[in-house]
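Asks: Following this line is coords.tsv, made up of TSV, C-alpha atoms:
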chain	number	residue	atom	x	y	z
A	1	MET	CA	45.57	7.77	29.65
A	2	SER	CA	43.92	5.21	27.41
A	3	VAL	CA	41.61	6.36	24.65
A	4	VAL	CA	37.98	5.37	25.13
A	5	ILE	CA	36.59	3.78	21.99
A	6	SER	CA	32.92	4.31	21.22
A	7	PRO	CA	30.89	1.71	19.31
A	8	THR	CA	29.33	4.51	17.27
A	9	GLN	CA	32.49	6.11	15.97
A	10	THR	CA	32.44	3.99	12.82
A	11	LEU	CA	29.65	3.62	10.29
A	12	ARG	CA	29.34	-0.12	10.86
A	13	ARG	CA	27.97	-0.79	14.31
A	14	SER	CA	26.23	-3.71	15.92
A	15	GLN	CA	22.51	-3.53	16.53
A	16	LEU	CA	23.39	-4.58	20.07
A	17	TYR	CA	25.68	-1.70	21.03
A	18	ARG	CA	23.12	-0.20	23.44
A	19	ARG	CA	22.79	-3.55	25.19
A	20	HIS	CA	26.57	-3.86	25.35
A	21	ARG	CA	26.76	-0.44	27.00
A	22	GLN	CA	24.12	-1.44	29.53
A	23	LEU	CA	26.27	-4.47	30.38
A	24	GLY	CA	29.26	-2.20	31.00
A	25	ALA	CA	31.26	-3.17	27.93
A	26	ASP	CA	34.66	-1.79	27.03
A	27	PHE	CA	35.04	-1.58	23.26
A	28	ALA	CA	38.19	-2.02	21.20
A	29	GLN	CA	39.26	-1.85	17.59
A	30	PHE	CA	39.75	-5.13	15.76
A	31	GLY	CA	41.00	-4.46	12.25
A	32	ASP	CA	38.56	-1.85	10.89
A	33	SER	CA	35.83	-3.01	13.24
A	34	ILE	CA	34.83	-1.95	16.73
A	35	ALA	CA	33.57	-4.74	18.97
A	36	VAL	CA	33.27	-5.51	22.66
A	37	ASP	CA	36.69	-6.21	24.12
A	38	HIS	CA	35.37	-7.30	27.52
A	39	TYR	CA	32.60	-6.65	30.03
A	40	GLY	CA	34.33	-7.79	33.20
A	41	ASP	CA	37.25	-9.78	34.53
A	42	ASP	CA	38.34	-13.34	33.80
A	43	GLU	CA	36.16	-13.86	30.77
A	44	VAL	CA	38.37	-16.73	29.59
A	45	SER	CA	37.03	-18.87	32.44
A	46	GLN	CA	33.53	-17.79	31.48
A	47	ALA	CA	34.23	-18.67	27.83
A	48	ARG	CA	35.19	-22.17	28.88
A	49	VAL	CA	31.88	-22.67	30.69
A	50	LEU	CA	29.41	-20.72	28.57
A	51	GLY	CA	29.81	-17.38	26.82
A	52	LEU	CA	28.09	-15.40	24.09
A	53	ALA	CA	30.02	-12.87	22.03
A	54	ASP	CA	28.80	-10.42	19.41
A	55	LEU	CA	31.06	-10.44	16.33
A	56	SER	CA	28.56	-8.69	14.06
A	57	THR	CA	30.88	-5.84	13.13
A	58	LEU	CA	33.62	-8.15	11.84
A	59	PRO	CA	34.02	-8.62	8.06
A	60	ARG	CA	32.15	-11.31	6.17
A	61	ILE	CA	30.91	-11.78	2.64
A	62	GLY	CA	29.16	-14.39	0.52
A	63	PHE	CA	28.98	-15.54	-3.08
A	64	LYS	CA	26.59	-17.77	-4.96
A	65	GLY	CA	25.89	-18.90	-8.49
A	66	LEU	CA	26.93	-21.73	-10.77
A	67	GLY	CA	30.33	-20.18	-11.43
A	68	THR	CA	31.19	-19.69	-7.75
A	69	PRO	CA	33.22	-22.86	-6.97
A	70	VAL	CA	35.52	-22.53	-9.99
A	71	TRP	CA	35.92	-18.76	-9.53
A	72	ALA	CA	36.64	-19.07	-5.81
A	73	ASP	CA	39.16	-21.79	-6.56
A	74	SER	CA	40.90	-19.53	-9.07
A	75	CYS	CA	41.09	-16.86	-6.33
A	76	GLY	CA	42.90	-19.26	-4.02
A	77	VAL	CA	39.97	-20.10	-1.73
A	78	LYS	CA	40.26	-23.50	-0.10
A	79	GLN	CA	36.74	-24.93	-0.23
A	80	PRO	CA	35.12	-27.85	1.58
A	81	ALA	CA	34.34	-30.76	-0.72
A	82	GLN	CA	30.72	-31.07	0.42
A	83	PRO	CA	27.91	-28.60	1.22
A	84	ASN	CA	27.24	-27.93	4.91
A	85	TRP	CA	30.89	-28.17	5.79
A	86	ALA	CA	33.38	-25.39	6.48
A	87	THR	CA	37.11	-25.02	6.29
A	88	LEU	CA	39.67	-22.60	7.66
A	89	GLN	CA	42.14	-20.80	5.42
A	90	GLY	CA	45.77	-20.20	6.34
A	91	ASP	CA	44.87	-16.98	8.16
A	92	ASN	CA	41.88	-18.65	9.90
A	93	THR	CA	39.30	-17.01	7.65
A	94	LEU	CA	36.24	-19.25	7.79
A	95	VAL	CA	34.86	-20.54	4.47
A	96	ALA	CA	31.45	-22.18	4.86
A	97	ARG	CA	29.96	-24.03	1.93
A	98	LEU	CA	26.21	-23.58	2.30
A	99	SER	CA	25.29	-25.41	-0.90
A	100	SER	CA	27.09	-26.67	-3.99
A	101	ASN	CA	27.28	-23.15	-5.37
A	102	GLU	CA	27.19	-20.90	-2.31
A	103	LEU	CA	29.98	-19.77	0.02
A	104	LEU	CA	30.01	-17.69	3.18
A	105	LEU	CA	33.34	-16.21	4.32
A	106	ALA	CA	33.93	-14.76	7.78
A	107	SER	CA	37.10	-13.15	9.09
A	108	ASN	CA	39.34	-14.46	11.82
A	109	LEU	CA	39.27	-13.02	15.35
A	110	THR	CA	41.69	-10.22	14.50
A	111	GLY	CA	38.91	-8.63	12.50
A	112	SER	CA	40.87	-8.54	9.29
A	113	SER	CA	41.00	-10.93	6.38
A	114	LYS	CA	43.05	-10.23	3.28
A	115	LEU	CA	41.07	-12.92	1.48
A	116	ILE	CA	37.73	-11.21	2.12
A	117	GLU	CA	39.20	-7.84	1.13
A	118	THR	CA	40.56	-9.33	-2.08
A	119	LEU	CA	37.36	-11.14	-3.03
A	120	ALA	CA	35.19	-8.13	-2.28
A	121	THR	CA	36.93	-6.10	-4.97
A	122	ALA	CA	37.89	-8.91	-7.37
A	123	THR	CA	36.31	-9.13	-10.81
A	124	ARG	CA	33.68	-11.82	-10.56
A	125	ALA	CA	33.34	-14.50	-13.19
A	126	HIS	CA	30.18	-15.27	-15.15
A	127	ARG	CA	27.36	-16.51	-12.88
A	128	VAL	CA	29.00	-15.42	-9.65
A	129	TYR	CA	26.92	-13.10	-7.51
A	130	ALA	CA	28.06	-11.32	-4.34
A	131	LEU	CA	25.92	-11.52	-1.20
A	132	PRO	CA	26.16	-8.71	1.38
A	133	ARG	CA	26.43	-11.05	4.37
A	134	GLY	CA	27.94	-8.29	6.49
A	135	ASP	CA	24.69	-6.35	6.18
A	136	SER	CA	22.12	-9.12	5.95
A	137	HIS	CA	23.41	-11.38	8.70
A	138	SER	CA	24.45	-10.92	12.30
A	139	TRP	CA	27.25	-13.00	13.79
A	140	LEU	CA	27.28	-14.39	17.30
A	141	SER	CA	29.69	-16.79	18.91
A	142	LEU	CA	28.36	-19.23	21.51
A	143	CYS	CA	31.17	-21.07	23.28
A	144	GLY	CA	32.01	-23.28	26.21
A	145	GLU	CA	31.28	-26.74	27.53
A	146	GLN	CA	27.59	-25.90	28.03
A	147	ALA	CA	27.09	-24.46	24.53
A	148	ALA	CA	25.52	-27.60	23.08
A	149	ASN	CA	23.16	-27.90	26.06
A	150	THR	CA	22.09	-24.31	25.52
A	151	LEU	CA	21.42	-24.91	21.84
A	152	ALA	CA	19.34	-27.98	22.75
A	153	LYS	CA	16.87	-25.64	24.45
A	154	VAL	CA	16.25	-23.54	21.36
A	155	CYS	CA	16.96	-25.84	18.41
A	156	ALA	CA	16.03	-29.34	17.22
A	157	ILE	CA	19.50	-30.30	15.96
A	158	ASP	CA	21.79	-32.33	18.20
A	159	PHE	CA	24.89	-30.17	18.56
A	160	ARG	CA	26.68	-32.30	21.13
A	161	ALA	CA	30.36	-32.54	20.29
A	162	GLN	CA	30.33	-36.28	19.65
A	163	TYR	CA	27.52	-35.96	17.07
A	164	PHE	CA	28.19	-32.59	15.46
A	165	THR	CA	31.83	-32.43	14.48
A	166	ASN	CA	34.11	-29.46	14.17
A	167	LEU	CA	33.52	-27.44	10.95
A	168	GLN	CA	30.12	-29.04	10.36
A	169	ILE	CA	27.24	-26.70	9.44
A	170	ALA	CA	23.54	-26.78	10.26
A	171	GLN	CA	21.11	-24.45	8.51
A	172	THR	CA	18.06	-24.60	10.68
A	173	SER	CA	15.62	-22.84	12.97
A	174	LEU	CA	17.12	-21.39	16.14
A	175	ALA	CA	14.76	-19.86	18.70
A	176	LYS	CA	12.17	-19.83	15.89
A	177	ILE	CA	14.28	-17.84	13.44
A	178	ASN	CA	16.48	-19.05	10.61
A	179	ALA	CA	20.17	-19.42	11.30
A	180	VAL	CA	23.38	-20.84	9.89
A	181	ILE	CA	25.31	-22.51	12.69
A	182	VAL	CA	28.94	-23.51	12.13
A	183	ARG	CA	30.96	-25.38	14.72
A	184	THR	CA	34.33	-23.65	14.78
A	185	ASP	CA	36.20	-24.68	17.90
A	186	ILE	CA	38.61	-22.08	19.25
A	187	GLY	CA	41.68	-23.87	20.51
A	188	ASP	CA	40.20	-26.77	22.46
A	189	ASN	CA	37.10	-24.77	23.41
A	190	LEU	CA	33.76	-25.73	21.88
A	191	ASN	CA	32.43	-22.85	19.79
A	192	TYR	CA	29.47	-22.29	17.48
A	193	ALA	CA	29.37	-19.37	15.05
A	194	ILE	CA	25.76	-18.31	14.53
A	195	PHE	CA	24.81	-16.26	11.46
A	196	SER	CA	21.24	-15.02	11.44
A	197	ASP	CA	19.02	-12.27	10.10
A	198	SER	CA	20.51	-9.00	11.33
A	199	CYS	CA	17.02	-7.52	11.86
A	200	SER	CA	16.36	-10.15	14.56
A	201	LEU	CA	19.68	-9.83	16.36
A	202	GLU	CA	18.32	-8.20	19.53
A	203	TYR	CA	15.69	-10.92	19.85
A	204	LEU	CA	18.22	-13.71	19.29
A	205	TRP	CA	20.72	-12.19	21.74
A	206	ASP	CA	18.07	-11.93	24.46
A	207	SER	CA	16.76	-15.43	23.74
A	208	LEU	CA	20.20	-17.02	23.93
A	209	LEU	CA	21.17	-15.18	27.12
A	210	ASP	CA	17.88	-16.30	28.64
A	211	ALA	CA	18.56	-19.93	27.65
A	212	MET	CA	22.14	-19.62	28.94
A	213	SER	CA	21.13	-18.41	32.40
A	214	GLU	CA	20.36	-22.00	33.48
A	215	TYR	CA	24.06	-22.82	32.96
A	216	ARG	CA	25.37	-19.53	34.40
A	217	GLY	CA	26.28	-18.29	30.94
A	218	ARG	CA	26.81	-14.62	30.17
A	219	ALA	CA	28.07	-12.23	27.53
A	220	ILE	CA	31.80	-12.13	26.88
A	221	GLY	CA	34.03	-9.92	24.80
A	222	LEU	CA	36.06	-10.75	21.75
A	223	GLN	CA	39.31	-10.66	23.71
A	224	ALA	CA	38.31	-13.78	25.67
A	225	LEU	CA	37.81	-15.69	22.42
A	226	ARG	CA	41.22	-14.54	21.22
A	227	ASP	CA	42.79	-15.63	24.49
A	228	CYS	CA	41.16	-19.07	24.13
A	229	ALA	CA	42.78	-19.37	20.72
A	230	THR	CA	46.25	-18.77	22.11
A	231	LEU	CA	46.04	-20.83	25.31
B	232	MET	CA	6.22	-34.00	14.87
B	233	LYS	CA	6.41	-34.32	11.10
B	234	VAL	CA	9.85	-34.55	9.59
B	235	LEU	CA	10.70	-33.77	5.98
B	236	ILE	CA	14.04	-34.75	4.45
B	237	CYS	CA	15.66	-31.82	2.67
B	238	PRO	CA	18.02	-33.05	-0.08
B	239	LEU	CA	20.60	-30.46	1.04
B	240	ASN	CA	20.18	-30.37	4.82
B	241	GLY	CA	18.77	-33.75	5.77
B	242	PRO	CA	15.84	-34.40	8.11
B	243	ARG	CA	14.24	-31.28	9.52
B	244	ASN	CA	11.08	-30.36	11.40
B	245	ILE	CA	8.26	-29.66	8.95
B	246	SER	CA	7.92	-26.16	10.44
B	247	GLU	CA	11.19	-25.22	8.70
B	248	PHE	CA	9.62	-25.74	5.27
B	249	ILE	CA	7.35	-23.73	3.02
B	250	TYR	CA	4.96	-25.39	0.60
B	251	GLY	CA	5.40	-24.11	-2.94
B	252	GLY	CA	2.48	-25.70	-4.77
B	253	GLU	CA	2.18	-28.46	-7.34
B	254	TYR	CA	4.93	-28.95	-9.85
B	255	HIS	CA	3.79	-28.50	-13.46
B	256	PRO	CA	6.06	-28.76	-16.49
B	257	ASN	CA	6.57	-25.39	-18.15
B	258	PRO	CA	4.34	-24.88	-21.20
B	259	ASP	CA	6.06	-23.98	-24.45
B	260	HIS	CA	6.51	-20.27	-23.87
B	261	ILE	CA	5.95	-19.37	-27.52
B	262	GLU	CA	3.29	-21.81	-28.67
B	263	ALA	CA	1.16	-22.04	-25.51
B	264	SER	CA	-2.33	-20.54	-25.75
B	265	SER	CA	-3.73	-18.13	-23.18
B	266	ARG	CA	-5.81	-20.98	-21.81
B	267	GLU	CA	-2.72	-23.14	-21.30
B	268	TRP	CA	-0.93	-20.27	-19.57
B	269	ALA	CA	-3.89	-19.61	-17.31
B	270	GLU	CA	-4.03	-23.26	-16.34
B	271	TYR	CA	-0.30	-23.30	-15.67
B	272	VAL	CA	-0.33	-20.19	-13.52
B	273	PHE	CA	-3.66	-20.43	-11.68
B	274	PHE	CA	-5.05	-23.97	-11.78
B	275	HIS	CA	-4.15	-26.94	-9.63
B	276	ARG	CA	-4.92	-30.51	-10.66
B	277	ASN	CA	-5.61	-31.39	-7.03
B	278	VAL	CA	-4.96	-35.08	-7.56
B	279	ALA	CA	-6.04	-37.60	-4.91
B	280	GLY	CA	-2.89	-39.72	-5.06
B	281	ILE	CA	0.79	-39.21	-5.72
B	282	VAL	CA	1.75	-35.67	-6.73
B	283	THR	CA	5.02	-33.83	-7.20
B	284	GLU	CA	5.28	-30.59	-5.21
B	285	TRP	CA	7.64	-27.68	-4.70
B	286	TRP	CA	9.01	-27.25	-1.17
B	287	CYS	CA	11.49	-24.76	0.22
B	288	HIS	CA	13.71	-25.20	3.27
B	289	SER	CA	13.40	-21.67	4.62
B	290	ALA	CA	16.57	-21.68	6.75
B	291	SER	CA	18.72	-22.23	3.67
B	292	SER	CA	16.30	-20.86	1.03
B	293	TYR	CA	16.71	-24.18	-0.75
B	294	TRP	CA	13.99	-25.19	-3.21
B	295	PHE	CA	13.49	-28.85	-4.02
B	296	LEU	CA	10.79	-31.28	-5.16
B	297	ALA	CA	8.88	-33.90	-3.22
B	298	GLU	CA	6.61	-36.75	-4.21
B	299	ARG	CA	3.71	-36.97	-1.77
B	300	ASN	CA	0.65	-39.15	-1.54
B	301	THR	CA	-2.18	-36.73	-0.86
B	302	LEU	CA	-4.45	-39.55	0.38
B	303	THR	CA	-2.08	-40.70	3.12
B	304	ASP	CA	0.06	-37.53	3.47
B	305	GLU	CA	3.10	-39.73	3.10
B	306	ILE	CA	6.26	-38.24	1.59
B	307	LEU	CA	7.58	-40.86	-0.84
B	308	ARG	CA	10.82	-39.09	-1.72
B	309	THR	CA	12.44	-35.68	-2.01
B	310	PHE	CA	14.94	-34.76	-4.68
B	311	ASN	CA	17.02	-31.94	-6.13
B	312	THR	CA	15.54	-29.87	-8.93
B	313	ASP	CA	18.41	-30.73	-11.27
B	314	GLU	CA	16.80	-34.14	-11.68
B	315	ILE	CA	14.21	-32.36	-13.87
B	316	PHE	CA	15.85	-29.05	-14.70
B	317	ASN	CA	19.03	-30.53	-16.10
B	318	CYS	CA	19.64	-28.18	-19.02
B	319	ARG	CA	19.39	-24.45	-19.47
B	320	VAL	CA	16.06	-23.20	-20.87
B	321	GLU	CA	16.45	-20.36	-23.32
B	322	PHE	CA	13.40	-18.12	-23.36
B	323	SER	CA	13.97	-16.86	-26.87
B	324	SER	CA	11.34	-14.45	-28.14
B	325	ARG	CA	9.53	-14.46	-31.45
B	326	SER	CA	11.00	-12.26	-34.09
B	327	ASN	CA	9.13	-8.93	-34.28
B	328	SER	CA	7.27	-10.02	-37.40
B	329	GLU	CA	5.81	-13.00	-35.54
B	330	VAL	CA	4.45	-11.05	-32.57
B	331	PRO	CA	0.68	-10.84	-32.91
B	332	SER	CA	-0.62	-7.27	-32.92
B	333	GLY	CA	-3.06	-5.96	-30.33
Take the structure in the file and give it back as structure tokens.

Replies:
Amino acid sequence: MSVVISPTQTLRRSQLYRRHRQLGADFAQFGDSIAVDHYGDDEVSQARVLGLADLSTLPRIGFKGLGTPVWADSCGVKQPAQPNWATLQGDNTLVARLSSNELLLASNLTGSSKLIETLATATRAHRVYALPRGDSHSWLSLCGEQAANTLAKVCAIDFRAQYFTNLQIAQTSLAKINAVIVRTDIGDNLNYAIFSDSCSLEYLWDSLLDAMSEYRGRAIGLQALRDCATL
Amino acid sequence: MKVLICPLNGPRNISEFIYGGEYHPNPDHIEASSREWAEYVFFHRNVAGIVTEWWCHSASSYWFLAERNTLTDEILRTFNTDEIFNCRVEFSSRSNSEVPSG
């Protein structure tokens, strides 16, 4: 008999866990995090058309300050050369450069990142300040061939694949709230990581699902994203 | 729709920005009189013409400066703050003997 995992059995939980339960989610452990594994069957097909996943319980952290680029470099972080670009580390940890002196790091889809763990406890250099991105920001993943069309309904930036390239970042207004949007394709599937104010997560989730309904989009679990990565 | 060009993020809808008031050079923090401080903190010159203003791109919390013609509402240019604030300002205090009493 399989063990049923509850989204409330750890201290860190998504603000959306009640909505996930209403949608019939099955939860699973990813690293130290508990997230939606799936809601229904064949979510990989859904992910290829249009899917929205909640990754808000997965690890992430940020740093800013004049000393950040040199310090991060000394810690082995591979950084993009320009602001508003991202790069992937060897273990697929995402490093987004939000300005000359600000970095946002988000874990891979296994829910664990040695780099984030190391940086979180590392001694910071002069003029390097940690940002609690795991607490301040939610993390959604909008994926599939209709993802850019969905974003066009709620945002002024042109996210179509031919104009907004992989690992490019837009810091802008999304459904009237501030968001950091990073294109991080998963395998050959179009994917946008959306980091936004955690206090507005329920609003943003509902707004995106509403915008997605035109394209038959729906919520998907983390397992579908992981399957896309391995296909 | 008005569009403002953020030096970090590029062209964005004006609704993504917050106006931060006129830019004024900092007064000398030791020598400035109370009158000069009051003018710096509370008064605006309200020029009819080209002014330099603080603006913030709220989605990235990025502060920058803009030159704007207040007669035509035309943005002439936007630029990073390090064009003006290009060295560290040390706010050293007077020695205790120099601090006026009362």

Asks: Check the smallest atom-to-atom distance from each of A:Ile194, A:Ala120, A:Ala229, A:Ala170 to chain B using all atoms listed in the file, then report the winner.

Replies: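 Nearest to chain B: A:Ala170.
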
Asks: Tell me, in Å to one decimal, how far CA of Glu305 in chain B is from CA of Ala269 in chain B.

Replies: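 Between these atoms lies a distance of 29.5 Å.
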
Asks: Find the residues near Val282 in chain B: any atom within 12 Å, counting all atoms listed in the file, skip ones fewer than 3 places away on the same chain, and give them as a PDB file with C-alpha atoms, in the coordinates of the input.

Replies:
ATOM      1  CA  GLY B 252       2.480 -25.700  -4.770  1.00  0.00           C
ATOM      2  CA  GLU B 253       2.180 -28.460  -7.340  1.00  0.00           C
ATOM      3  CA  TYR B 254       4.930 -28.950  -9.850  1.00  0.00           C
ATOM      4  CA  HIS B 255       3.790 -28.500 -13.460  1.00  0.00           C
ATOM      5  CA  HIS B 275      -4.150 -26.940  -9.630  1.00  0.00           C
ATOM      6  CA  ARG B 276      -4.920 -30.510 -10.660  1.00  0.00           C
ATOM      7  CA  ASN B 277      -5.610 -31.390  -7.030  1.00  0.00           C
ATOM      8  CA  VAL B 278      -4.960 -35.080  -7.560  1.00  0.00           C
ATOM      9  CA  ALA B 279      -6.040 -37.600  -4.910  1.00  0.00           C
ATOM     10  CA  TRP B 285       7.640 -27.680  -4.700  1.00  0.00           C
ATOM     11  CA  LEU B 296      10.790 -31.280  -5.160  1.00  0.00           C
ATOM     12  CA  ALA B 297       8.880 -33.900  -3.220  1.00  0.00           C
ATOM     13  CA  GLU B 298       6.610 -36.750  -4.210  1.00  0.00           C
ATOM     14  CA  ARG B 299       3.710 -36.970  -1.770  1.00  0.00           C
ATOM     15  CA  ASN B 300       0.650 -39.150  -1.540  1.00  0.00           C
ATOM     16  CA  THR B 301      -2.180 -36.730  -0.860  1.00  0.00           C
ATOM     17  CA  LEU B 302      -4.450 -39.550   0.380  1.00  0.00           C
ATOM     18  CA  THR B 303      -2.080 -40.700   3.120  1.00  0.00           C
ATOM     19  CA  ASP B 304       0.060 -37.530   3.470  1.00  0.00           C
ATOM     20  CA  GLU B 305       3.100 -39.730   3.100  1.00  0.00           C
ATOM     21  CA  ILE B 306       6.260 -38.240   1.590  1.00  0.00           C
ATOM     22  CA  LEU B 307       7.580 -40.860  -0.840  1.00  0.00           C
ATOM     23  CA  ARG B 308      10.820 -39.090  -1.720  1.00  0.00           C
ATOM     24  CA  THR B 309      12.440 -35.680  -2.010  1.00  0.00           C
TER      25      THR B 309
END

Asks: Compute the set of chain B residues within 8 Å of chain A, using all atoms listed in the file, and express it as a list in words.

Replies: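 Close enough to count are Leu239, Asn240, Arg243, Asn244, Glu247, Ser289, Ala290 and Ser291 of chain B.
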
Asks: Compare A:Gly144, A:Gly24, A:Pro59, A:Pro80 by their minimum atom-to-atom distance to Leu167 in chain A, counting all atoms listed in the file, and give me the closest one.

Replies: A:Pro80

Asks: Just give me the gap between CA of Leu104 in chain A and CA of Ala72 in chain A in Å, one decimal is fine.

Replies: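 Taking CA of Leu104 in chain A and CA of Ala72 in chain A, their separation equals 11.3 Å.
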